[in-house]
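Quick notes on the structure that follows.
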Amino acid sequence: AFSAEVVPQLVIDGWQITFAPDYPYQIAEGEPQWWADVGEGSGIDWFSFELGIDFEGHRLNLIPFLTDVLSRLPAELVQLAASSEPKDAKKFIKSCAGLKVYHALPDGRLLPLPGERLAPMLKSLLQLIGPRGSRIVDGKVKLHRAEATAITDFASGVNVAWAASAERLIALGNDLRRGRTLKDVSPPKSFKADLRPYQSEGLAWLDFLRDTGFGGVLADDMGLGKTVQALAFLAREKAQGRLDKPALILAPTSVLPNWQAEAKRFAPELSVLALCRGSERKQLLGQIAKHDLVLTTYPLLMRDAEILLGHEFHAAILDEAQAIKNPKAAISGTAHRINARHRFALTGTPLENNLGEVWSLFQFLSPGLLGDESSFRRNFRTPIEKHGDAAAQAFLSRRLKPFMLRRTKQEVATELPPKTEIVEHVRLDGDQRDLYETVRSLMHKKVRDEIEKNGLAKSHIIFLDALLKLRQVCCDPRLLKMPQARAVKQSAKLERLMEMIPEMVAEGRRILLFSQFTSMLALIEAELGKRSIPYVSLTGDTADRAVPVKAFQSGKVPLFLLSLKAGGTGLNLTAADTVIHYDPWWNPAVENQATDRAYRIGQAKPVFVYKLIVEEGIETAIEILKLRKAALADALFAGTSKSGLNLTEADISALFAPLDQHQRDLAA
C-alpha cells in the first residue's frame with residue numbers, strides 16, 4: 001500500500017488514483033474550513049503568516065504542504081500562478097480544476113482537497129512568498145511589516161477566516177496601497193513656495209511614510225523639485241512640533257550649495273548647519289544638536305562618521321542617493337548605520353546598472369526587507385538580470401511599489417516645451433579608421449586570451465581598458481597613449497563638432513557640451529580658442545562652480561563645457577536650449593541626468609539634444625546595449641520583465657567587431 005504522503009505526488013505527476021476496497025487508509029468526507037493567521041516574528045518589524053484548515057477538531061497549518069505542492073507543479077503552471085494578469089489567473093484555476101490532492105490527517109485518514117478550491121490558495125500563496133519560496137521558516141511565512149500589502153492582496157484573493165490579529169496588518173496594507181492620497185497635507189504658512197499639485201502629492205506621501213514608520217524613495221525625474229518637496233516636509237515637521245532632533249541631509253559636494261540656497265529661500269524658519277571642509281568644521285560638529293537641519297556630503301560622512309553616527313536624527317535624507325549604490329563600498333556601509341527615526345532617499349536614478357543598487361538603497365531605508373545581499377542575488381538579481389524571470393520581476397516590483405514614488409516630466413510637467421533628440425553619425429576614415437582597426441584587433445585578442453584564461457567575470461579590468469582605448473580613438477586619437485596614435489592627425493568627431501558649434505552660436509543657441517574625458521574638453525577648448533568662440537568650463541578641478549554657472553546663465557557666454565561627472569548633477573542651467581553629448585557610455589540614466597540640467601522646470605524653450613556617435617564601431621554597440629539598462633530601470637517601476645544586462649559571447653564579439661561589420665547580432 002502507498003503511504004499517505006506519496007498520494008499527492010502521484011496525482012500531480014499525472015496518475016489517476018482509484019482506491020481499492022481494501023486500501024488501508026480511509027478517505028475523509030466533508031468540507032474543511034480554511035483559516036489564516038498572523039503572529040509575531042523575529043524582531044519588531046517582522047511577523048509570521050500561517051494558512052491552514054479546521055476539520056473535525058483538527059487545526060492544521062498547510063504552509064509546508066502547499067509549498068510542497070507548488071514545488072511539484074509543472075513550470076508552466078507555476079508561471080501562470082505567479083502572473084498578476086487576470087487572464088493567467090483564470091488559466092491557472094481552469095488547469096487545476098480536475099486536480100484532487102490528498103492531505104493526511106493526524107488520525108490517518110486522507111482529506112481530498114479539490115483543485116478548484118485549492119487553486120486560489122496556491123496562486124495567492126505564490127504571490128505572497130515569491131517564485132522561490134525563500135521566506136518559509138519553520139513551516140511559516142516570514143514577512144516584513146513593509147510587506148503588509150502582500151497580506152492585503154492575499155485577503156482579497158481567497159475566501160478564508162482571518163484571525164483578529166491580522167486585521168491591523170490588512171488595514172495597513174490597504175493604507176499602503178493608497179498612501180499618497182490618504183489625506184490633504186499642506187506645508188506650513190511660513191513655507192515660501194507654492195507647491196505644484198504633484199509636489200503636494202509628494203509631500204503627502206512623505207508625511208504618510210513618516211506617520212506609518214516606513215522609509216521611501218522619492219524618484220521623480222530630475223528637475224521636478226525633489227529638494228522643495230523634502231524641505232516642505234521638514235518645515236511641516238517643525239511646525240507640528242516633531243522636529244525635536246535635527247534632520248540630516250547627505251548630498252554630493254556639488255549639490256550642497258543648492259540645499260543651502262533653497263532652504264534659505266523656501267524654509268527660512270529652519271536653522272541650517274552646513275558642515276564644510278576646513279579646520280572650522282570641528283567646531284561646527286559640536287553644534288549639530290542646536291540646529292534643525294544639518295547638511296553634509298558623502299565624503300565628509302566618512303571623515304566625521306564617529307561623531308555623526310553618535311547622534312540620533314529625526315530624519316536622514318540621502319540626496320542623489322545612487323551614491324550608496326555599491327553595497328560593498330565603505331560609504332554605503334556607513335550610511336546604512338545612520339541612526340534616524342525616519343529615512344528617505346531622493347534620486348532620479350534608483351537603478352543605474354543592476355538590481356544590487358536597489359538592494360543597497362533599501363538596506364538603508366528598510367534594513368532586511370529584501371533579505372541579505374546573497375539571498376537577494378539568488379532570488380532576484382540572477383533570475384531577473386540573467387534569465388528575464390517575469391515572475392521574480394513582478395514580485396519585486398509589487399513589494400517595492402508602496403515605497404517608491406516616481407513621476408516623469410511627461411506625466412506631470414505639461415508646461416515643459418518639447419525635447420528633440422538627434423543622433424549625429426560620424427564615420428571614421430583614413431588613418432583614424434586604420435588606427436581603430438589596429439587597436440580593435442590587438443585589444444580583441446588580448447580580451448579573448450584573458451577570458452579564456454580567467455573567465456569573463458574575472459576579466460573586467462582588461463575588458464574595460466580595451467573598451468576605453470577604442471572609445472578614445474573614436475573621440476580623438478590624441479587621447480590614446482599608444483605609439484600607433486602619434487602619427488594620426490585626423491579626428492572625425494572633433495571636426496564635425498567644430499562644424500556644428502559655430503553654426504549653433506550664430507543661430508543664438510545656448511549650448512551645454514558634455515564629455516567624460518577632461519582631456520577631450522581641453523582639446524575642444526583649444527579649437528574654440530582658434531575660432532574665438534567664448535565659453536566657460538566646469539570639471540572636478542573647478543574651484544568655484546558658481547562663477548561659470550553665473551556667466552552662462554546670465555548670457556555672457558553661449559557655450560558651457562562640462563565633464564559628465566562634475567556637471568551631470570546639481571546644476572540648474574535652464575538658459576541652455578541645446579545639449580551635446582560628445583561621447584557615449586553605458587549608463588543612460590547618467591546621460592539623462594546631464595540632459596536634465598537644461599530640460600527641467602523653468603525651461604521655456606524647446607530643447608535639442610545631440611549625440612555624436614561613430615557609426616558601426618564600439619559607440620554604436622554601446623548605444624544598443626544601453627537600451628537594456630534603460631529597460632531594467634523601467635521594469636523596476638512597471639513590474640515587467642526585461643532582458644538581462646550581462647554580456648554574452650555575442651555581445652563581446654559585437655563590441656569588438658570590425659568597422660565594416662554591422663551590429664545586427666547585438667541588436668537582435
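Each chain in the C-alpha cells gets a letter, A, B and so on, in the order shown; residues start at 1 in every chain, and ligands are counted from 1 in the order they appear.
The set of residues in region 501-554 of chain A assigned to strand (DSSP E or B) by DSSP, using only backbone atoms of this structure, is Ile511, Leu512, Leu513, Phe514, Ser515, Val536, Ser537 and Leu538 of chain A.
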For Leu625 (chain A), which residue out of A:Ala274, A:Leu77, A:Val607, A:Ile652 is the nearest one, using only C-alpha atoms? A:Ile652
So which residues touch Lys245 (chain A) within 8 Å, counting only C-alpha atoms, skipping near sequence neighbours fewer than 4 positions away, as number ranges by chain? A: 289, 292, 312-314
Neighbours of Pro383 (chain A) within 10 Å (only C-alpha atoms; same-chain residues fewer than 6 positions away dropped), as a VMD selection string? chain A and resid 377 389 to 393 644
CA of Leu62 (chain A) and CA of Val78 (chain A) are how many Å apart? 18.4 Å
Excluding region 537-539 of chain A and any residue of its chain fewer than 4 positions from it, enumerate the residues within 6 Å of it, using only C-alpha atoms, and give them as a PyMOL selection string. chain A and resi 560-563+566
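Counting only C-alpha atoms and comparing A:Leu528, A:Ile331, A:Leu300, A:Leu396, the residue that lies closest to Glu495 (chain A) is A:Leu528.
Between CA of Phe380 (chain A) and CA of Pro74 (chain A) there is a distance of 20.8 Å.
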Running DSSP on the backbone, which parts of region 357-487 of chain A land in helix (DSSP H, G or I), as an NGL selection string? :A and (357-365 or 373-387 or 390-403 or 409-412 or 430-454 or 456-458 or 460-475 or 477-479 or 483-485)
Please list as a PyMOL selection string every residue within 8 Å of Arg510 (chain A), counting only C-alpha atoms and excluding residues in the same chain fewer than 2 positions away. chain A and resi 505+508+512+558-559+575-578
Selection near region 135-150 of chain A, 7 Å with only C-alpha atoms, sequence-local residues under 2 positions removed, as a ChimeraX atom specification: /A:45-50,63-64,128-129,133,152-154,169-170,172-174,176-177,369,399
Using only C-alpha atoms, the best pick from A:Ser459, A:Asn159, A:Ser190, A:Gln260 as closest to Thr296 (chain A) would be A:Gln260
Record the distance separating CA of Leu256 (chain A) and CA of Trp359 (chain A), expressed in Å with one decimal. 25.7 Å
